[in-house]
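Colleague: The structure's right below; bear with me while I get my questions together.
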Amino acid sequence: MSAQLLDVASKYSLYSGSIICSLGIVGNVINILVFTQLKLFRNNRCAFYSTVESISNIFYLLYSITITILISIYGDDGTGRFLIWCKLRYIIAQTFALTTFTMICCTTADEYFSTNYLYNLRYMCTLKLSRYLAFVFICIWIIHSVILGLFFNLVPSIGCAISNQIYLRYTTYFTYPVLTGLLPIAISLLFSLLAYQNVRRIVRRQLPIVRRRLDRQITAMCFIRVIAYGCLATPYVSYRVYALSYPISRSEPLQFAIGQLIQDIFTSLASLNFAISFYLFIISSSHFRRQVKFVLVKKCWNRWKYLCCFRNNQIAPDNIEPEDIN
């Protein structure tokens, strides 16, 4: 029975991971193209944060599909056999996950400030400051994740787990429930609601129509992104807290197999957070749909077609061999 459950968990993880990874990479690449190619978004701070988030998402999805392939080939992810991989896996996952969640918070916070009716708050945030904050946060999460990885060791009968009890409590009661769960969800939801209130009053202010439309578009995109983030992250975070508090030994094969299947289901739901931002933006904003069409058709496709035609139309000079003069 346990072997069958592990086989089901492995196949579910492989198929769901492959689909999520494929759709996620395509969506995040299109996000990057739209936010970097359109002049409307080029100097927009929210677009910058979303671009960083999309880059982080791509790396996380590539890491995730690597784990899935290892499990499908070898039956496990290898963390229970190799100490370096045991540490490195959690360093990579934690870094990219926290970077993505932080960028979501920064996007919503920046949208609140940019739509605020107070002049000082509106112009307090600049693109230079956004780049600085993104760099600082990424460095902080790298350091935090490296420290986290140092406390992972190969524990007999359990596998790769945190061996230090103090840091285990820190991870159980702060890292998962707060850093990757409650805190970013609360911050992003709060600023999304505040930005929504600002946008409702934006008609009364003397602002260009293009700016109003952009603020409304980004606010709607951020709001639906935050709702999806909260719904998808909560089950996984809750289960991880439980799993760290009550780890299941491999000597209990049935319980271990059930736990593995539940973890794979919740992991796939959490992985959607790194894959669906583009599709949420498409659903929530008709302006974004037109912008995607413009970038893909008018810019990328026409540019690619021009390059292909240019290469085909190049006239190569005839190689005329000189005649021998005797």
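We name chains A, B, ... following the order of the structure tokens; residues begin at 1 in each chain, and ligands are numbered from 1 as shown.
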If we count only C-alpha atoms, what is near segment 60-62 of chain A at a cut-off of 7 Å, once residues fewer than 4 positions away on the same chain are taken out, given as a list of chain:residue names?

Modeller: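 The residues that qualify are A:Cys21, A:Ser56, A:Thr66, A:Ala93, A:Phe96.
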
Colleague: Excluding segment 279-293 of chain A and residues on its chain fewer than 5 positions from it, collect all residues at most 12 Å away from it, counting only C-alpha atoms, and give them as a VMD selection string.

Modeller: chain A and resid 23 to 41 50 210 213 to 229 272 to 274 298 to 301

Colleague: Would you mind telling me which residue in A:Ile92, A:Val241, A:Leu182, A:Ala9 lies nearest to Phe59 of chain A when using only C-alpha atoms?

Modeller: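 For Phe59 of chain A, the nearest of the given residues is A:Ile92.
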
Colleague: Find the residues near Lys128 of chain A: any atom within 12 Å, counting only C-alpha atoms, skip ones fewer than 2 places away on the same chain, and give them as a list in words.

Modeller: Asn43, Asn44, Arg45, Phe48, Tyr49, Met124, Cys125, Thr126, Ser130, Arg131, Tyr132, Leu133, Ala134 and Phe135 of chain A

Colleague: Export N, CA and C atoms of the chosen residues as a PDB file, in the first residue's frame?

Modeller:
ATOM      1  N   ASN A  43       9.800  52.831 -16.931  1.00  0.00           N
ATOM      2  CA  ASN A  43      10.233  53.565 -15.742  1.00  0.00           C
ATOM      3  C   ASN A  43       9.233  53.444 -14.596  1.00  0.00           C
ATOM      4  N   ASN A  44       8.389  52.432 -14.681  1.00  0.00           N
ATOM      5  CA  ASN A  44       7.389  52.221 -13.641  1.00  0.00           C
ATOM      6  C   ASN A  44       7.958  51.303 -12.564  1.00  0.00           C
ATOM      7  N   ARG A  45       7.828  51.718 -11.320  1.00  0.00           N
ATOM      8  CA  ARG A  45       8.428  50.959 -10.222  1.00  0.00           C
ATOM      9  C   ARG A  45       7.721  49.623  -9.995  1.00  0.00           C
ATOM     10  N   PHE A  48       8.929  47.241 -12.436  1.00  0.00           N
ATOM     11  CA  PHE A  48      10.276  46.766 -12.083  1.00  0.00           C
ATOM     12  C   PHE A  48      10.204  45.639 -11.055  1.00  0.00           C
ATOM     13  N   TYR A  49       9.399  45.832 -10.012  1.00  0.00           N
ATOM     14  CA  TYR A  49       9.249  44.779  -9.006  1.00  0.00           C
ATOM     15  C   TYR A  49       8.667  43.508  -9.624  1.00  0.00           C
ATOM     16  N   MET A 124       7.919  60.068  -2.900  1.00  0.00           N
ATOM     17  CA  MET A 124       8.963  59.600  -1.994  1.00  0.00           C
ATOM     18  C   MET A 124       9.705  58.408  -2.593  1.00  0.00           C
ATOM     19  N   CYS A 125       8.972  57.553  -3.296  1.00  0.00           N
ATOM     20  CA  CYS A 125       9.572  56.363  -3.902  1.00  0.00           C
ATOM     21  C   CYS A 125      10.025  56.679  -5.324  1.00  0.00           C
ATOM     22  N   THR A 126      11.236  56.297  -5.635  1.00  0.00           N
ATOM     23  CA  THR A 126      11.792  56.485  -6.974  1.00  0.00           C
ATOM     24  C   THR A 126      12.263  55.144  -7.515  1.00  0.00           C
ATOM     25  N   SER A 130      13.799  51.847  -5.624  1.00  0.00           N
ATOM     26  CA  SER A 130      13.247  50.505  -5.840  1.00  0.00           C
ATOM     27  C   SER A 130      14.355  49.507  -6.168  1.00  0.00           C
ATOM     28  N   ARG A 131      15.278  49.916  -7.014  1.00  0.00           N
ATOM     29  CA  ARG A 131      16.400  49.029  -7.346  1.00  0.00           C
ATOM     30  C   ARG A 131      17.258  48.746  -6.122  1.00  0.00           C
ATOM     31  N   TYR A 132      17.471  49.768  -5.323  1.00  0.00           N
ATOM     32  CA  TYR A 132      18.265  49.598  -4.102  1.00  0.00           C
ATOM     33  C   TYR A 132      17.568  48.642  -3.133  1.00  0.00           C
ATOM     34  N   LEU A 133      16.265  48.826  -2.941  1.00  0.00           N
ATOM     35  CA  LEU A 133      15.520  47.957  -2.026  1.00  0.00           C
ATOM     36  C   LEU A 133      15.512  46.510  -2.513  1.00  0.00           C
ATOM     37  N   ALA A 134      15.320  46.326  -3.814  1.00  0.00           N
ATOM     38  CA  ALA A 134      15.316  44.965  -4.357  1.00  0.00           C
ATOM     39  C   ALA A 134      16.666  44.293  -4.121  1.00  0.00           C
ATOM     40  N   PHE A 135      17.740  45.027  -4.356  1.00  0.00           N
ATOM     41  CA  PHE A 135      19.083  44.471  -4.138  1.00  0.00           C
ATOM     42  C   PHE A 135      19.306  44.124  -2.668  1.00  0.00           C
TER      43      PHE A 135
END

Colleague: Which residue out of A:Ser10, A:Ser271, A:Thr107, A:Thr172 has the minimum interatomic distance to Tyr239 of chain A when only C-alpha atoms are used?

Modeller: A:Thr172

Colleague: Quick one: pick out all helix (DSSP H, G or I) residues within segment 67-313 of chain A from a backbone DSSP run and write them as an MDAnalysis selection string.

Modeller: chainID A and resid 67:74 83:114 119:122 127:150 165:200 202:204 209:245 253:274 277:284 286:313

Colleague: Quick one, how far is atom CA of Leu148 of chain A from atom CA of Phe174 of chain A?

Modeller: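 For atom CA of Leu148 of chain A relative to atom CA of Phe174 of chain A, the distance reads 12.3 Å.
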
Colleague: At a cut-off of 7 Å, using only C-alpha atoms, what residues contact Thr115 of chain A? Leave out same-chain residues fewer than 3 positions from it and give the result as a list in words.

Modeller: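 Here the qualifying residues turn out to be Glu111, Tyr112, Arg122, Ala195, Asn198, Val199 and Asp215 of chain A.
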
Colleague: Just to confirm, what's the straight-line distance from atom CA of Ser114 of chain A to atom CA of Leu193 of chain A in Å (one decimal)?

Modeller: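 Spanning atom CA of Ser114 of chain A to atom CA of Leu193 of chain A is a straight-line distance of 13.8 Å.
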
Colleague: Just the strand (DSSP E) stuff from segment 155-311 of chain A, please, per backbone DSSP, written as a CSV table (one decimal) with N, CA and C atoms, in the first residue's frame.

Modeller:
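File written: result34.csv
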chain,number,residue,atom,x,y,z
A,155,VAL,N,19.6,13.2,9.2
A,155,VAL,CA,19.2,12.7,10.5
A,155,VAL,C,18.8,11.2,10.3
A,159,GLY,N,16.0,11.5,7.5
A,159,GLY,CA,16.6,12.1,6.3
A,159,GLY,C,17.1,13.5,6.5
A,160,CYS,N,16.9,14.3,5.5
A,160,CYS,CA,17.4,15.7,5.6
A,160,CYS,C,16.4,16.5,6.5
A,161,ALA,N,16.9,17.0,7.6
A,161,ALA,CA,16.1,17.7,8.5
A,161,ALA,C,17.0,18.7,9.3
A,162,ILE,N,16.3,19.6,10.0
A,162,ILE,CA,17.1,20.6,10.9
A,162,ILE,C,17.4,19.8,12.2

Colleague: Need the shell around Ile147 of chain A: protein/DNA/RNA residues with any atom at most 10 Å away, counting only C-alpha atoms. Skip same-chain ones fewer than 4 positions apart. Format as an MDAnalysis selection string?

Modeller: chainID A and resid 87 91 141:143 151:152 167

Colleague: Using Å and a single decimal, report how far atom CA of Leu244 of chain A sits from atom CA of Asn164 of chain A.

Modeller: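 Spanning atom CA of Asn164 of chain A to atom CA of Leu244 of chain A is a straight-line distance of 12.2 Å.
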
Colleague: Tell me which of A:Leu269, A:Ile71, A:Ile19, A:Ala109 sits closest to Leu121 of chain A, counting only C-alpha atoms.

Modeller: A:Ala109

Colleague: Extract, using only C-alpha atoms, all DNA, RNA and protein residues at most 10 Å from Ile84 of chain A, discarding same-chain residues fewer than 4 positions from it, and format them as a VMD selection string.

Modeller: chain A and resid 79 88 to 89 149 to 150 152 to 154
